[in-house]
file query_34.pdb (PDB, C-alpha atoms and all ligand atoms)
ATOM      1  CA  MET A   1      23.269 -60.694  12.045
ATOM      2  CA  ASN A   2      23.748 -59.883   8.372
ATOM      3  CA  ALA A   3      26.570 -57.488   7.517
ATOM      4  CA  PRO A   4      25.253 -54.026   6.571
ATOM      5  CA  SER A   5      24.874 -53.699   2.802
ATOM      6  CA  PRO A   6      25.618 -50.474   0.929
ATOM      7  CA  PHE A   7      22.500 -51.225  -1.125
ATOM      8  CA  PHE A   8      20.155 -52.018   1.746
ATOM      9  CA  PRO A   9      21.179 -49.806   4.667
ATOM     10  CA  ALA A  10      19.541 -50.079   8.071
ATOM     11  CA  THR A  11      16.524 -47.790   8.171
ATOM     12  CA  ASP A  12      16.432 -47.323  11.935
ATOM     13  CA  ASP A  13      19.866 -45.834  12.605
ATOM     14  CA  PRO A  14      19.191 -43.264  15.361
ATOM     15  CA  ARG A  15      22.048 -41.108  14.072
ATOM     16  CA  ILE A  16      20.085 -40.272  10.900
ATOM     17  CA  ARG A  17      18.792 -36.758  11.502
ATOM     18  CA  LEU A  18      17.442 -35.955   8.052
ATOM     19  CA  ARG A  19      15.570 -38.049   5.498
ATOM     20  CA  ILE A  20      15.167 -36.533   2.078
ATOM     21  CA  LEU A  21      13.478 -37.821  -1.037
ATOM     22  CA  SER A  22      15.120 -36.963  -4.333
ATOM     23  CA  LEU A  23      12.118 -35.984  -6.443
ATOM     24  CA  GLY A  24      12.390 -36.084 -10.223
ATOM     25  CA  ALA A  25       8.597 -35.718 -10.563
ATOM     26  CA  GLY A  26       8.414 -38.716 -12.916
ATOM     27  CA  VAL A  27       6.586 -41.998 -12.327
ATOM     28  CA  GLN A  28       8.912 -43.635  -9.807
ATOM     29  CA  SER A  29       9.785 -40.748  -7.500
ATOM     30  CA  THR A  30       6.150 -39.583  -7.528
ATOM     31  CA  THR A  31       5.019 -43.073  -6.487
ATOM     32  CA  LEU A  32       7.646 -43.149  -3.760
ATOM     33  CA  ALA A  33       6.559 -39.751  -2.414
ATOM     34  CA  LEU A  34       2.883 -40.753  -2.392
ATOM     35  CA  MET A  35       3.630 -44.134  -0.797
ATOM     36  CA  ALA A  36       5.460 -42.264   1.968
ATOM     37  CA  ALA A  37       2.450 -39.949   2.291
ATOM     38  CA  HIS A  38       0.255 -43.054   2.747
ATOM     39  CA  GLY A  39       2.619 -44.372   5.423
ATOM     40  CA  ILE A  40       3.468 -47.426   3.301
ATOM     41  CA  VAL A  41       7.184 -46.572   3.191
ATOM     42  CA  GLY A  42       8.791 -45.030   6.237
ATOM     43  CA  PRO A  43       9.969 -43.390   8.337
ATOM     44  CA  MET A  44       8.309 -40.289   6.863
ATOM     45  CA  PRO A  45      10.860 -38.190   4.942
ATOM     46  CA  ASP A  46      11.483 -34.671   6.250
ATOM     47  CA  CYS A  47      11.231 -33.218   2.776
ATOM     48  CA  ALA A  48      11.645 -33.836  -0.929
ATOM     49  CA  ILE A  49      14.064 -31.956  -3.173
ATOM     50  CA  PHE A  50      13.479 -31.289  -6.866
ATOM     51  CA  ALA A  51      16.487 -30.101  -8.871
ATOM     52  CA  ASP A  52      15.178 -27.915 -11.672
ATOM     53  CA  THR A  53      17.268 -27.828 -14.845
ATOM     54  CA  GLY A  54      14.811 -25.251 -16.235
ATOM     55  CA  TRP A  55      14.215 -27.459 -19.275
ATOM     56  CA  GLU A  56      11.575 -29.991 -18.226
ATOM     57  CA  PRO A  57       8.421 -30.264 -20.341
ATOM     58  CA  ARG A  58       5.483 -28.116 -19.240
ATOM     59  CA  ALA A  59       3.619 -31.245 -18.025
ATOM     60  CA  VAL A  60       6.365 -31.955 -15.471
ATOM     61  CA  TYR A  61       6.110 -28.454 -13.976
ATOM     62  CA  GLU A  62       2.318 -28.797 -13.828
ATOM     63  CA  HIS A  63       2.667 -32.180 -12.137
ATOM     64  CA  LEU A  64       5.155 -30.710  -9.662
ATOM     65  CA  ASP A  65       2.704 -27.880  -8.885
ATOM     66  CA  TRP A  66       0.077 -30.508  -8.124
ATOM     67  CA  LEU A  67       2.453 -32.494  -5.885
ATOM     68  CA  MET A  68       3.254 -29.288  -3.982
ATOM     69  CA  SER A  69      -0.385 -28.246  -3.637
ATOM     70  CA  PRO A  70      -2.063 -28.532  -0.208
ATOM     71  CA  ASN A  71      -3.117 -31.989   1.004
ATOM     72  CA  VAL A  72      -1.045 -34.034  -1.443
ATOM     73  CA  LEU A  73       2.274 -34.549   0.377
ATOM     74  CA  PRO A  74       2.638 -34.105   4.145
ATOM     75  CA  PHE A  75       6.237 -32.876   3.790
ATOM     76  CA  PRO A  76       7.644 -29.830   1.956
ATOM     77  CA  VAL A  77       9.217 -29.950  -1.503
ATOM     78  CA  HIS A  78      12.272 -27.744  -1.946
ATOM     79  CA  ILE A  79      13.168 -26.647  -5.473
ATOM     80  CA  VAL A  80      16.862 -26.080  -6.117
ATOM     81  CA  SER A  81      18.604 -24.970  -9.287
ATOM     82  CA  ALA A  82      22.083 -24.445 -10.681
ATOM     83  CA  GLY A  83      20.798 -22.465 -13.668
ATOM     84  CA  ASN A  84      18.882 -23.105 -16.864
ATOM     85  CA  ILE A  85      20.498 -25.835 -18.964
ATOM     86  CA  ARG A  86      18.844 -24.601 -22.196
ATOM     87  CA  ASP A  87      20.062 -21.024 -21.719
ATOM     88  CA  ASP A  88      23.506 -22.343 -20.840
ATOM     89  CA  LEU A  89      23.554 -24.413 -24.056
ATOM     90  CA  ALA A  90      22.711 -21.277 -26.042
ATOM     91  CA  ARG A  91      25.626 -19.470 -24.404
ATOM     92  CA  ALA A  92      27.882 -22.469 -25.017
ATOM     93  CA  THR A  93      27.337 -22.194 -28.780
ATOM     94  CA  GLN A  94      28.949 -18.751 -28.504
ATOM     95  CA  GLY A  95      32.024 -20.332 -26.924
ATOM     96  CA  GLY A  96      30.951 -20.008 -23.277
ATOM     97  CA  ARG A  97      31.701 -22.536 -20.566
ATOM     98  CA  TRP A  98      29.235 -25.417 -20.449
ATOM     99  CA  ALA A  99      28.403 -28.503 -18.468
ATOM    100  CA  SER A 100      28.125 -30.955 -21.326
ATOM    101  CA  ILE A 101      25.046 -32.989 -22.136
ATOM    102  CA  PRO A 102      25.516 -36.511 -23.563
ATOM    103  CA  ALA A 103      24.942 -35.332 -27.142
ATOM    104  CA  PHE A 104      26.170 -37.152 -30.239
ATOM    105  CA  THR A 105      28.914 -35.991 -32.562
ATOM    106  CA  ARG A 106      29.572 -36.700 -36.213
ATOM    107  CA  ALA A 107      33.034 -36.139 -37.594
ATOM    108  CA  GLU A 108      34.661 -37.231 -40.846
ATOM    109  CA  GLN A 109      37.764 -39.368 -40.470
ATOM    110  CA  ARG A 110      39.563 -40.671 -43.550
ATOM    111  CA  GLY A 111      36.370 -40.185 -45.546
ATOM    112  CA  LYS A 112      34.252 -42.143 -43.030
ATOM    113  CA  ALA A 113      31.658 -40.681 -40.656
ATOM    114  CA  GLN A 114      32.504 -41.336 -37.005
ATOM    115  CA  ILE A 115      29.687 -40.997 -34.478
ATOM    116  CA  GLY A 116      30.622 -40.355 -30.867
ATOM    117  CA  MET A 117      29.030 -39.269 -27.625
ATOM    118  CA  ILE A 118      30.035 -36.315 -25.495
ATOM    119  CA  ARG A 119      30.876 -37.000 -21.859
ATOM    120  CA  ARG A 120      27.975 -36.073 -19.609
ATOM    121  CA  GLN A 121      28.512 -33.431 -16.917
ATOM    122  CA  CYS A 122      24.937 -32.100 -16.739
ATOM    123  CA  THR A 123      23.513 -34.515 -14.153
ATOM    124  CA  LYS A 124      26.254 -33.638 -11.711
ATOM    125  CA  GLU A 125      26.162 -29.898 -12.347
ATOM    126  CA  TYR A 126      22.376 -29.362 -12.504
ATOM    127  CA  LYS A 127      21.140 -32.088 -10.151
ATOM    128  CA  ILE A 128      23.681 -33.750  -7.867
ATOM    129  CA  VAL A 129      25.550 -30.605  -6.790
ATOM    130  CA  PRO A 130      22.516 -28.358  -6.035
ATOM    131  CA  ILE A 131      20.752 -31.207  -4.198
ATOM    132  CA  ARG A 132      23.884 -31.927  -2.170
ATOM    133  CA  ARG A 133      24.225 -28.242  -1.268
ATOM    134  CA  LYS A 134      20.602 -28.104  -0.074
ATOM    135  CA  VAL A 135      20.905 -31.350   1.874
ATOM    136  CA  ARG A 136      23.994 -30.088   3.694
ATOM    137  CA  GLU A 137      22.200 -26.845   4.506
ATOM    138  CA  LEU A 138      19.156 -28.704   5.866
ATOM    139  CA  ALA A 139      21.393 -31.049   7.887
ATOM    140  CA  GLY A 140      23.298 -28.094   9.381
ATOM    141  CA  LEU A 141      26.512 -29.097   7.621
ATOM    142  CA  THR A 142      27.123 -25.959   5.529
ATOM    143  CA  ARG A 143      30.733 -24.866   6.051
ATOM    144  CA  ARG A 144      31.050 -27.524   8.751
ATOM    145  CA  ARG A 145      33.197 -30.595   8.932
ATOM    146  CA  SER A 146      31.311 -33.663   7.773
ATOM    147  CA  PRO A 147      30.664 -36.350  10.365
ATOM    148  CA  ASP A 148      32.376 -39.681   9.757
ATOM    149  CA  HIS A 149      29.066 -41.537   9.803
ATOM    150  CA  ALA A 150      25.769 -41.172   7.975
ATOM    151  CA  VAL A 151      23.436 -38.504   9.357
ATOM    152  CA  VAL A 152      21.344 -38.118   6.191
ATOM    153  CA  GLU A 153      19.322 -40.753   4.353
ATOM    154  CA  GLN A 154      18.540 -39.966   0.728
ATOM    155  CA  TRP A 155      15.684 -41.844  -0.949
ATOM    156  CA  ILE A 156      16.036 -42.400  -4.657
ATOM    157  CA  GLY A 157      13.141 -43.451  -6.875
ATOM    158  CA  ILE A 158      14.858 -46.168  -8.871
ATOM    159  CA  SER A 159      12.543 -49.114  -9.567
ATOM    160  CA  ALA A 160      13.344 -52.827  -9.534
ATOM    161  CA  ASP A 161      13.679 -52.929 -13.337
ATOM    162  CA  GLU A 162      16.523 -50.370 -13.164
ATOM    163  CA  VAL A 163      18.764 -51.784 -10.432
ATOM    164  CA  LEU A 164      21.851 -51.102 -12.546
ATOM    165  CA  ARG A 165      21.337 -47.421 -11.792
ATOM    166  CA  MET A 166      21.722 -47.939  -8.014
ATOM    167  CA  LYS A 167      24.926 -46.332  -6.764
ATOM    168  CA  PRO A 168      25.872 -46.180  -3.078
ATOM    169  CA  SER A 169      26.585 -42.702  -1.725
ATOM    170  CA  PHE A 170      30.175 -41.507  -2.061
ATOM    171  CA  GLU A 171      29.706 -39.327   1.026
ATOM    172  CA  CYS A 172      30.302 -40.851   4.429
ATOM    173  CA  TRP A 173      27.748 -38.455   5.963
ATOM    174  CA  GLN A 174      24.959 -39.699   3.704
ATOM    175  CA  VAL A 175      23.459 -43.059   2.895
ATOM    176  CA  ASN A 176      21.330 -43.785  -0.179
ATOM    177  CA  ARG A 177      18.158 -45.840  -0.041
ATOM    178  CA  TRP A 178      15.978 -47.272  -2.838
ATOM    179  CA  PRO A 179      12.618 -48.149  -1.247
ATOM    180  CA  LEU A 180      11.035 -49.251  -4.549
ATOM    181  CA  VAL A 181      13.810 -51.812  -5.067
ATOM    182  CA  GLU A 182      13.407 -52.972  -1.446
ATOM    183  CA  ARG A 183       9.759 -53.648  -2.285
ATOM    184  CA  HIS A 184      10.590 -55.228  -5.692
ATOM    185  CA  MET A 185       8.430 -52.646  -7.448
ATOM    186  CA  SER A 186       8.952 -52.136 -11.172
ATOM    187  CA  ARG A 187       7.922 -49.033 -13.109
ATOM    188  CA  GLN A 188       4.778 -50.927 -14.168
ATOM    189  CA  ASP A 189       4.023 -51.724 -10.509
ATOM    190  CA  CYS A 190       4.356 -47.996  -9.754
ATOM    191  CA  LEU A 191       1.864 -47.121 -12.499
ATOM    192  CA  ALA A 192      -0.530 -49.789 -11.212
ATOM    193  CA  TRP A 193      -0.210 -48.488  -7.630
ATOM    194  CA  LEU A 194      -0.926 -44.915  -8.743
ATOM    195  CA  GLN A 195      -3.945 -46.063 -10.713
ATOM    196  CA  ARG A 196      -5.284 -48.142  -7.820
ATOM    197  CA  HIS A 197      -5.116 -45.100  -5.585
ATOM    198  CA  GLY A 198      -6.770 -42.775  -8.085
ATOM    199  CA  TYR A 199      -3.696 -40.662  -8.825
ATOM    200  CA  PRO A 200      -2.935 -39.138 -12.228
ATOM    201  CA  GLU A 201      -0.189 -40.778 -14.317
ATOM    202  CA  PRO A 202       2.922 -38.611 -13.960
ATOM    203  CA  PRO A 203       4.596 -37.359 -17.136
ATOM    204  CA  LYS A 204       8.029 -38.596 -18.173
ATOM    205  CA  SER A 205      10.530 -36.335 -16.440
ATOM    206  CA  SER A 206      13.850 -35.353 -18.028
ATOM    207  CA  CYS A 207      15.167 -32.402 -20.003
ATOM    208  CA  VAL A 208      13.156 -31.702 -23.168
ATOM    209  CA  GLY A 209      16.151 -32.332 -25.402
ATOM    210  CA  CYS A 210      17.977 -35.005 -23.404
ATOM    211  CA  PRO A 211      20.021 -37.090 -25.864
ATOM    212  CA  PHE A 212      19.260 -40.193 -23.774
ATOM    213  CA  HIS A 213      15.684 -40.218 -25.070
ATOM    214  CA  SER A 214      14.744 -43.435 -26.823
ATOM    215  CA  ASP A 215      12.976 -43.226 -30.174
ATOM    216  CA  ALA A 216       9.721 -44.088 -28.416
ATOM    217  CA  MET A 217      10.221 -41.021 -26.220
ATOM    218  CA  TRP A 218      11.060 -38.762 -29.187
ATOM    219  CA  ARG A 219       8.046 -40.108 -31.076
ATOM    220  CA  ALA A 220       5.707 -39.441 -28.159
ATOM    221  CA  MET A 221       7.071 -35.909 -27.917
ATOM    222  CA  ARG A 222       6.675 -35.292 -31.641
ATOM    223  CA  ASP A 223       3.133 -36.677 -31.703
ATOM    224  CA  GLU A 224       1.791 -35.456 -28.360
ATOM    225  CA  ASP A 225       3.754 -32.386 -27.230
ATOM    226  CA  ALA A 226       4.225 -30.022 -30.165
ATOM    227  CA  GLU A 227       5.682 -27.296 -27.961
ATOM    228  CA  ALA A 228       8.448 -29.500 -26.530
ATOM    229  CA  TRP A 229       9.176 -31.058 -29.942
ATOM    230  CA  ALA A 230       9.570 -27.650 -31.632
ATOM    231  CA  ASP A 231      11.866 -26.562 -28.834
ATOM    232  CA  ALA A 232      14.015 -29.711 -29.062
ATOM    233  CA  VAL A 233      14.302 -29.340 -32.852
ATOM    234  CA  GLN A 234      15.363 -25.708 -32.398
ATOM    235  CA  VAL A 235      17.985 -26.530 -29.762
ATOM    236  CA  ASP A 236      19.264 -29.414 -31.893
ATOM    237  CA  ARG A 237      19.887 -26.937 -34.726
ATOM    238  CA  MET A 238      21.420 -24.422 -32.351
ATOM    239  CA  ILE A 239      24.103 -26.742 -30.951
ATOM    240  CA  ARG A 240      25.395 -28.024 -34.311
ATOM    241  CA  THR A 241      28.643 -26.061 -34.129
ATOM    242  CA  GLY A 242      30.480 -23.693 -31.813
ATOM    243  CA  LEU A 243      30.583 -25.788 -28.630
ATOM    244  CA  ARG A 244      33.913 -25.340 -26.988
ATOM    245  CA  GLY A 245      36.170 -28.390 -27.060
ATOM    246  CA  VAL A 246      33.956 -30.427 -29.403
ATOM    247  CA  ARG A 247      35.150 -31.714 -32.756
ATOM    248  CA  GLY A 248      32.605 -32.264 -35.506
ATOM    249  CA  GLU A 249      28.895 -31.525 -35.567
ATOM    250  CA  VAL A 250      26.681 -32.032 -32.543
ATOM    251  CA  TYR A 251      23.213 -33.631 -32.523
ATOM    252  CA  LEU A 252      20.597 -34.543 -29.935
ATOM    253  CA  HIS A 253      19.601 -37.770 -31.691
ATOM    254  CA  ARG A 254      21.813 -40.872 -31.625
ATOM    255  CA  GLN A 255      21.597 -41.213 -35.424
ATOM    256  CA  ALA A 256      23.606 -37.946 -35.536
ATOM    257  CA  VAL A 257      21.206 -36.369 -37.995
ATOM    258  CA  PRO A 258      18.957 -33.317 -37.497
ATOM    259  CA  LEU A 259      16.239 -34.298 -35.025
ATOM    260  CA  ASP A 260      13.381 -33.562 -37.414
ATOM    261  CA  ARG A 261      15.022 -35.862 -40.004
ATOM    262  CA  ALA A 262      15.819 -38.759 -37.650
ATOM    263  CA  ASP A 263      14.104 -42.056 -38.416
ATOM    264  CA  LEU A 264      11.778 -42.467 -35.445
ATOM    265  CA  SER A 265       9.788 -45.333 -36.930
ATOM    266  CA  THR A 266       9.252 -48.320 -34.659
ATOM    267  CA  ALA A 267      11.431 -50.353 -37.033
ATOM    268  CA  ALA A 268      14.368 -48.120 -36.099
ATOM    269  CA  ASP A 269      13.832 -49.038 -32.407
ATOM    270  CA  HIS A 270      15.010 -52.559 -33.162
ATOM    271  CA  GLY A 271      17.960 -53.443 -30.973
ATOM    272  CA  GLN A 272      18.143 -49.959 -29.540
ATOM    273  CA  LEU A 273      19.737 -49.756 -26.134
ATOM    274  CA  ASP A 274      17.929 -47.736 -23.529
ATOM    275  CA  LEU A 275      20.670 -45.377 -22.466
ATOM    276  CA  TRP A 276      18.956 -44.568 -19.167
ATOM    277  CA  GLY A 277      19.583 -48.166 -18.096
ATOM    278  CA  ASN A 278      22.919 -47.756 -16.425
ATOM    279  CA  GLU A 279      23.273 -44.000 -16.458
ATOM    280  CA  CYS A 280      22.217 -40.969 -14.521
ATOM    281  CA  GLU A 281      22.503 -42.149 -10.914
ATOM    282  CA  GLY A 282      18.721 -42.168 -10.633
ATOM    283  CA  MET A 283      18.584 -38.382 -10.774
ATOM    284  CA  CYS A 284      17.139 -37.972 -14.275
ATOM    285  CA  GLY A 285      14.042 -39.619 -15.679
ATOM    286  CA  VAL A 286      12.508 -40.821 -12.404
TER     287      VAL A 286
HETATM  288  S1  LIG A 301      17.845 -35.272 -18.321
HETATM  289 FE1  LIG A 301      19.554 -35.613 -19.756
HETATM  290  S2  LIG A 301      20.221 -33.549 -20.354
HETATM  291 FE2  LIG A 301      18.979 -33.320 -18.479
HETATM  292  S3  LIG A 301      20.434 -33.372 -16.777
HETATM  293 FE3  LIG A 301      19.742 -35.494 -17.114
HETATM  294  S4  LIG A 301      21.229 -36.425 -18.520
HETATM  295 FE4  LIG A 301      21.479 -34.182 -18.611
END

call {"tool": "encode", "arguments": {"input": "query_34.pdb", "output": "structure tokens"}}
result
Amino acid sequence: MNAPSPFFPATDDPRIRLRILSLGAGVQSTTLALMAAHGIVGPMPDCAIFADTGWEPRAVYEHLDWLMSPNVLPFPVHIVSAGNIRDDLARATQGGRWASIPAFTRAEQRGKAQIGMIRRQCTKEYKIVPIRRKVRELAGLTRRRSPDHAVVEQWIGISADEVLRMKPSFECWQVNRWPLVERHMSRQDCLAWLQRHGYPEPPKSSCVGCPFHSDAMWRAMRDEDAEAWADAVQVDRMIRTGLRGVRGEVYLHRQAVPLDRADLSTAADHGQLDLWGNECEGMCGV
């Protein structure tokens, strides 16, 4: 018998008493939820959990409403929240406490501009912690000692083209599972599956002003979602100074220039790393 792998846990452990799907309401987690609804991936999850940062584009909330409407998913979707990340950023510019987003900084050092990136705390604060709290509540573990074996299986919608984002659970009472990777499904395969089954293409999910956006993502926002773009430009201006513990000026775009002045031409994409690749534990952007 093969040794159990932290990346491909047994799916039939009778001690698992709760299966939850971490729903980001993007392409991959939507596909996973609908494949479960079709009985293609199993056993059927008990529920899905969406962690709301309060700053997703309107299209994501509309898509979530559709997913939660009758006759789409056979299991409930719980929405959890640790506050509104945009409002918290506004407070942070007045010196308040903040869970930092991975924004870019520009500071002068010996006459030269130094560009840096702020350590990211937002995924943990706005997604991992509220989901964990809800999972423990649903599993009857609130204010209880954790069992020394997995009783919860969490499904994460990472696709086969993003395996670097797979991280085993740090909790002994929970095991993570990546059914799309098990099935070798890429993001493109997810889109094809949705299309074959007549489902709408989900929007890209992530905070409106997430500094991890690629230029292609910023461009699409600028050209196709005027409301989100105006909001991101406004927040970018708002966070320039005043954030506690940050030296230099703060920007949402990796060029460390005002967002509405960043070069978003396709030529500027050349050689650009996709920062989602090995970040975000599969909680954001899926
Ligand atoms: S989408 Fe970006 S800003 Fe929002 S929680 Fe994730 S990493 Fe942070």

call {"tool": "axis_aligned_box", "arguments": {"input": "query_34.pdb", "around": "ligand LIG 301 (chain A)", "padding_each_side": "4 Å", "output": "JSON"}}
result
{"center_x": 19.7, "center_y": -34.9, "center_z": -18.6, "size_x": 11.6, "size_y": 11.1, "size_z": 11.6}

call {"tool": "residues_around", "arguments": {"input": "query_34.pdb", "residues": "Leu89 of chain A", "least_positions_apart": "6", "cutoff": "9 Å", "atoms": "only C-alpha atoms", "output": "list in words"}}
result
Gly96, Trp98, Ala99, Ser100, Ile101, Val235, Met238, Ile239 and Leu243 of chain A

call {"tool": "atom_distance", "arguments": {"input": "query_34.pdb", "atom1": "atom CA of Ile79 of chain A", "atom2": "atom CA of Ala36 of chain A"}}
result
18.9 Å

call {"tool": "resolve_selection", "arguments": {"input": "query_34.pdb", "expression": "the PyMOL selection byres (((chain A and resi 120) around 7) and not hetatm)", "output": "compact mmCIF listing (two decimals) with C-alpha atoms, in the coordinates of the input"}}
result
# COMPACT_ATOMS: atom_id res chain seq x y z
CA SER A 100 28.12 -30.96 -21.33
CA ILE A 101 25.05 -32.99 -22.14
CA PRO A 102 25.52 -36.51 -23.56
CA ILE A 118 30.04 -36.32 -25.50
CA ARG A 119 30.88 -37.00 -21.86
CA GLN A 121 28.51 -33.43 -16.92
CA CYS A 122 24.94 -32.10 -16.74

call {"tool": "residues_near_ligand", "arguments": {"input": "query_34.pdb", "ligand": "ligand LIG 301 (chain A)", "cutoff": "10 Å", "atoms": "all atoms listed in the file", "output": "number ranges by chain"}}
result
A: 24, 51-56, 85-86, 99-103, 120-128, 205-213, 252, 275-276, 279-286

call {"tool": "resolve_selection", "arguments": {"input": "query_34.pdb", "expression": "the PyMOL selection byres (((chain A and resi 200) around 12) and not hetatm)", "output": "list of chain:residue names"}}
result
A:Gly26, A:Val27, A:Thr30, A:Thr31, A:Leu34, A:Ala59, A:Glu62, A:His63, A:Leu64, A:Trp66, A:Leu67, A:Cys190, A:Leu191, A:Ala192, A:Trp193, A:Leu194, A:Gln195, A:Arg196, A:His197, A:Gly198, A:Tyr199, A:Glu201, A:Pro202, A:Pro203

call {"tool": "write_last_selection", "arguments": {"input": "query_34.pdb", "atoms": "C-alpha atoms", "output": "mmCIF file, keeping the file's coordinate frame"}}
result
data_model
loop_
_atom_site.group_PDB
_atom_site.id
_atom_site.type_symbol
_atom_site.label_atom_id
_atom_site.label_comp_id
_atom_site.auth_asym_id
_atom_site.auth_seq_id
_atom_site.Cartn_x
_atom_site.Cartn_y
_atom_site.Cartn_z
ATOM 1 C CA GLY A 26 8.414 -38.716 -12.916
ATOM 2 C CA VAL A 27 6.586 -41.998 -12.327
ATOM 3 C CA THR A 30 6.150 -39.583 -7.528
ATOM 4 C CA THR A 31 5.019 -43.073 -6.487
ATOM 5 C CA LEU A 34 2.883 -40.753 -2.392
ATOM 6 C CA ALA A 59 3.619 -31.245 -18.025
ATOM 7 C CA GLU A 62 2.318 -28.797 -13.828
ATOM 8 C CA HIS A 63 2.667 -32.180 -12.137
ATOM 9 C CA LEU A 64 5.155 -30.710 -9.662
ATOM 10 C CA TRP A 66 0.077 -30.508 -8.124
ATOM 11 C CA LEU A 67 2.453 -32.494 -5.885
ATOM 12 C CA CYS A 190 4.356 -47.996 -9.754
ATOM 13 C CA LEU A 191 1.864 -47.121 -12.499
ATOM 14 C CA ALA A 192 -0.530 -49.789 -11.212
ATOM 15 C CA TRP A 193 -0.210 -48.488 -7.630
ATOM 16 C CA LEU A 194 -0.926 -44.915 -8.743
ATOM 17 C CA GLN A 195 -3.945 -46.063 -10.713
ATOM 18 C CA ARG A 196 -5.284 -48.142 -7.820
ATOM 19 C CA HIS A 197 -5.116 -45.100 -5.585
ATOM 20 C CA GLY A 198 -6.770 -42.775 -8.085
ATOM 21 C CA TYR A 199 -3.696 -40.662 -8.825
ATOM 22 C CA GLU A 201 -0.189 -40.778 -14.317
ATOM 23 C CA PRO A 202 2.922 -38.611 -13.960
ATOM 24 C CA PRO A 203 4.596 -37.359 -17.136
#

call {"tool": "resolve_selection", "arguments": {"input": "query_34.pdb", "expression": "the PyMOL selection byres (((chain A and resi 80) around 8) and not hetatm)", "output": "VMD selection string"}}
result
chain A and resid 49 to 52 78 to 79 81 to 82 130 to 131 134

call {"tool": "write_last_selection", "arguments": {"input": "query_34.pdb", "atoms": "C-alpha atoms", "output": "tab-separated table (two decimals), keeping the file's coordinate frame"}}
result
chain	number	residue	atom	x	y	z
A	49	ILE	CA	14.06	-31.96	-3.17
A	50	PHE	CA	13.48	-31.29	-6.87
A	51	ALA	CA	16.49	-30.10	-8.87
A	52	ASP	CA	15.18	-27.92	-11.67
A	78	HIS	CA	12.27	-27.74	-1.95
A	79	ILE	CA	13.17	-26.65	-5.47
A	81	SER	CA	18.60	-24.97	-9.29
A	82	ALA	CA	22.08	-24.44	-10.68
A	130	PRO	CA	22.52	-28.36	-6.04
A	131	ILE	CA	20.75	-31.21	-4.20
A	134	LYS	CA	20.60	-28.10	-0.07
